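Chemist: The structure under discussion is supplied below as structure tokens; questions concerning it will follow.
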Amino acid sequence: MMTHLFKIGDTVKLKAGGPDMSVRTLPGATSSIYTCQWFAGKKLENGNFPEGSLEPVIKKAE
């Protein structure tokens, strides 16, 4: 069983910046690519990103 850094539903962002995204699918057995989704205005976007380019979004307590 492969261990993934993130799980489906985790909020992540690119280390280089950009919008907060939600992890939609996990990498396969021979891949480290996550599919993530986010909203650009009202439009739902998605993209594929290597694990090393992502970092978790830490929500601050209110």
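As shown in the structure tokens, the chain order sets the letters A, B, ...; within each chain, residues go from 1, and ligands are also counted from 1 in the order they appear.
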Compile the contact shell of Asn48 of chain A as a PyMOL selection string: residues with an atom at most 7 Å away, counting only C-alpha atoms, same-chain residues fewer than 6 positions apart removed.

Modeler: chain A and resi 33-36

Chemist: What are the DSSP strand (DSSP E) residues of chain A, as a PyMOL selection string?

Modeler: chain A and resi 11-14+21-25+33-40+43-50+54-56

Chemist: Write the selection just made, keeping C-alpha atoms, as a compact mmCIF listing (two decimals), in the first residue's frame?

Modeler:
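Result went into out-v2.txt, see below:
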```txt
# COMPACT_ATOMS: atom_id res chain seq x y z
CA THR A 11 -6.80 21.79 0.94
CA VAL A 12 -3.47 22.42 -0.79
CA LYS A 13 -1.75 25.09 -2.83
CA LEU A 14 1.20 25.25 -5.15
CA MET A 21 -7.23 23.83 -4.18
CA SER A 22 -8.93 20.65 -3.03
CA VAL A 23 -7.34 17.25 -3.71
CA ARG A 24 -9.73 15.34 -5.99
CA THR A 25 -7.78 12.16 -6.80
CA ILE A 33 0.60 13.24 -9.60
CA TYR A 34 -2.46 14.55 -7.75
CA THR A 35 -5.57 15.91 -9.46
CA CYS A 36 -6.79 19.06 -7.71
CA GLN A 37 -9.77 21.35 -8.27
CA TRP A 38 -10.49 24.98 -7.44
CA PHE A 39 -12.85 27.79 -8.39
CA ALA A 40 -11.78 30.61 -10.70
CA LYS A 43 -15.91 28.31 -12.90
CA LEU A 44 -14.66 25.00 -11.52
CA GLU A 45 -11.11 24.31 -12.75
CA ASN A 46 -8.86 21.30 -12.27
CA GLY A 47 -5.29 20.32 -12.94
CA ASN A 48 -2.65 17.67 -12.31
CA PHE A 49 0.29 18.47 -10.07
CA PRO A 50 3.30 16.51 -8.78
CA LEU A 54 2.12 21.08 -3.40
CA GLU A 55 1.96 22.16 0.22
CA PRO A 56 -0.91 22.00 2.73
```

Chemist: Could you state the separation of atom CA of Asp20 of chain A and atom CA of Leu5 of chain A in Å, given to one decimal place?

Modeler: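 Going from atom CA of Asp20 of chain A over to atom CA of Leu5 of chain A, I get 16.6 Å.
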